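First comes the structure, then the notes that go with it.
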Amino acid sequence: MHFFILQSVKEIIDYKLFCGSALNDKPVGCCEERNAESNDTQHASRISVEQYYKLVTQNQTHVLLDVRTEPEMEICSLSGAINVPLEEIQNKASIEKICTAIKQHNLTNKECNSDVVGEQTRVVVVCRRGNDSQLAAKLLKEQLRTTLETGECTNVQKLGSDLFIQDIIGGLHVWAKRIDSDFPVY
């Protein structure tokens with residue numbers, strides 16, 4: 001026989017503080033992020049699926065990082081996405097993988113010196129619903145800046161003045177609803 005002790009809730013907790021990220025898995029169209037449509041996507045830490053679609057269709061160079069697990073990536077993924085699961089985002093091997101992608105980005109971007117993460121370097125992080133990517137972007141900003149500044153990342157020699165790390169609000173679920181209705185939702 002099992003006994004359960006019921007405790008009553010005595011205070012309201014701060015969801016964002018408790019979970020480490022905002023609640024972004026609300027049904028689409030219910031409660032949209034108020035500043036998601038900021039025109040200054042280059043400096044915003046979060047971008048909408050529409051803004052990301054525009055970035056892709058205008059062939060703006062960027063590194064797309066998908067933080068879902070490998071089996072989830074096998075179900076579906078956006079073109080060009082590099083997989084680094086959230087659980088591994090701070091591992092040295094993952095940081096090296098991301099640095100390599102940034103260097104490749106710089107080699108493709110003619111305006112950047114190939115050894116410098118420059119002004120045009122943008123890393124966009126995506127996940128299933130937008131929560132993990134928001135957390136991953138925060139962790140990555142801290143880890144990548146530290147790693148590059150201390151020279152631990154051997155693939156990129158110097159951190160330029162601007163490294164933009166953004167996450168896609170609502171993730172792949174919102175992408176499927178607003179951009180590509182044929183995109184698999186699971």
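Labels for the structure tokens follow display order: chains A, B, ..., residues from 1 in each chain, ligands from 1.
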Tell me, as a PyMOL selection string, which residues lie within 7 Å of Gln166 (chain A), counting only C-alpha atoms; anything in the same chain fewer than 3 positions away does not count. chain A and resi 45-47+123-125+137
Residues from the last selection, N, CA and C atoms, saved as a tab-separated table (two decimals), in the first residue's frame:
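To be explicit, this is the file written out as result_35.tsv:
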```tsv
chain	number	residue	atom	x	y	z
A	45	SER	N	17.84	39.26	-29.28
A	45	SER	CA	18.29	37.93	-28.89
A	45	SER	C	17.32	36.85	-29.36
A	46	ARG	N	16.12	37.24	-29.76
A	46	ARG	CA	15.13	36.29	-30.24
A	46	ARG	C	14.56	36.80	-31.55
A	47	ILE	N	14.27	35.87	-32.45
A	47	ILE	CA	13.65	36.25	-33.72
A	47	ILE	C	12.45	35.36	-33.99
A	123	VAL	N	24.61	33.35	-35.21
A	123	VAL	CA	24.27	31.97	-34.88
A	123	VAL	C	22.80	31.97	-34.48
A	124	VAL	N	22.00	31.16	-35.17
A	124	VAL	CA	20.58	31.05	-34.88
A	124	VAL	C	20.34	29.67	-34.29
A	125	VAL	N	19.67	29.64	-33.14
A	125	VAL	CA	19.43	28.39	-32.43
A	125	VAL	C	17.95	28.03	-32.52
A	137	ALA	N	20.76	29.25	-26.27
A	137	ALA	CA	21.35	30.52	-26.72
A	137	ALA	C	22.02	31.24	-25.56
```
So that I can check the surroundings of Ala101 (chain A), please list as a ChimeraX atom specification every protein, DNA and RNA residue that reaches within 9 Å of it, counting only C-alpha atoms and ignoring chain neighbours fewer than 4 positions away. /A:63,82,96-97,105-106
Since we have the selection now, will you write its residues out, keeping C-alpha atoms, as an mmCIF file, in the first residue's frame?
```cif
data_model
loop_
_atom_site.group_PDB
_atom_site.id
_atom_site.type_symbol
_atom_site.label_atom_id
_atom_site.label_comp_id
_atom_site.auth_asym_id
_atom_site.auth_seq_id
_atom_site.Cartn_x
_atom_site.Cartn_y
_atom_site.Cartn_z
ATOM 1 C CA VAL A 63 25.023 29.274 -38.630
ATOM 2 C CA ILE A 82 24.007 21.591 -37.328
ATOM 3 C CA GLU A 96 34.777 23.019 -31.184
ATOM 4 C CA LYS A 97 32.039 21.850 -33.585
ATOM 5 C CA HIS A 105 30.602 30.733 -42.059
ATOM 6 C CA ASN A 106 33.381 33.313 -42.126
#
```
Measuring between only C-alpha atoms, which one of A:Arg68, A:Arg145, A:Arg122, A:Arg128 shows the shortest distance to Gly171 (chain A)?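 Counting only C-alpha atoms, the residue closest to Gly171 (chain A) is A:Arg128.
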Choose the residue, out of A:Cys76, A:Val49, A:Leu55, A:Ile102, that has the smallest atom-to-atom separation from Tyr186 (chain A); count only C-alpha atoms.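 So, comparing all the options, the nearest one is A:Cys76.
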Would you mind listing what lies within 7 Å of Gln90 (chain A) as a list of chain:residue names, with only C-alpha atoms counted and same-chain residues fewer than 3 positions away left out? A:Ser94, A:Ile95, A:Gln143
Output file for the residues above (C-alpha atoms, as a PDB file, in the first residue's frame):
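The file below, again08.pdb, is the result:
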```
ATOM      1  CA  SER A  94      30.461  20.666 -29.075  1.00  0.00           C
ATOM      2  CA  ILE A  95      32.072  24.085 -28.691  1.00  0.00           C
ATOM      3  CA  GLN A 143      30.380  29.580 -23.022  1.00  0.00           C
TER       4      GLN A 143
END
```
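The protein and nucleic acid residues lying at most 9 Å from Gly130 (chain A) are Leu23, Asn24, Asp25, Val125, Val126, Gln134, Leu135, Asp167, Ile168, Ile169, Gly170, Gly171, Leu172, His173 and Val174 of chain A, with only C-alpha atoms considered and sequence neighbours fewer than 4 positions away removed.
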In Å, rounded to a single decimal, give me how far CA of Ile98 (chain A) is from CA of Pro71 (chain A).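 A separation of 19.8 Å between them.
Of note, CA of Ile12 (chain A) and CA of Asp132 (chain A) are spaced 23.3 Å apart.
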Test item, strand (DSSP E) assignment across region 53-143 of chain A, answer as a ChimeraX atom specification: /A:63-66,82-83,116-117,121-126
Return the single residue from A:Ala44, A:Cys127, A:Ile179, A:Val67 that is closest to Leu163 (chain A), with distances computed using only C-alpha atoms.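 Ranking A:Ala44, A:Cys127, A:Ile179, A:Val67 by distance to Leu163 (chain A), first place goes to A:Ala44.
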How many Å separate CA of His62 (chain A) from CA of Trp175 (chain A)?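 Calculated distance between CA of His62 (chain A) and CA of Trp175 (chain A) is 17.6 Å.
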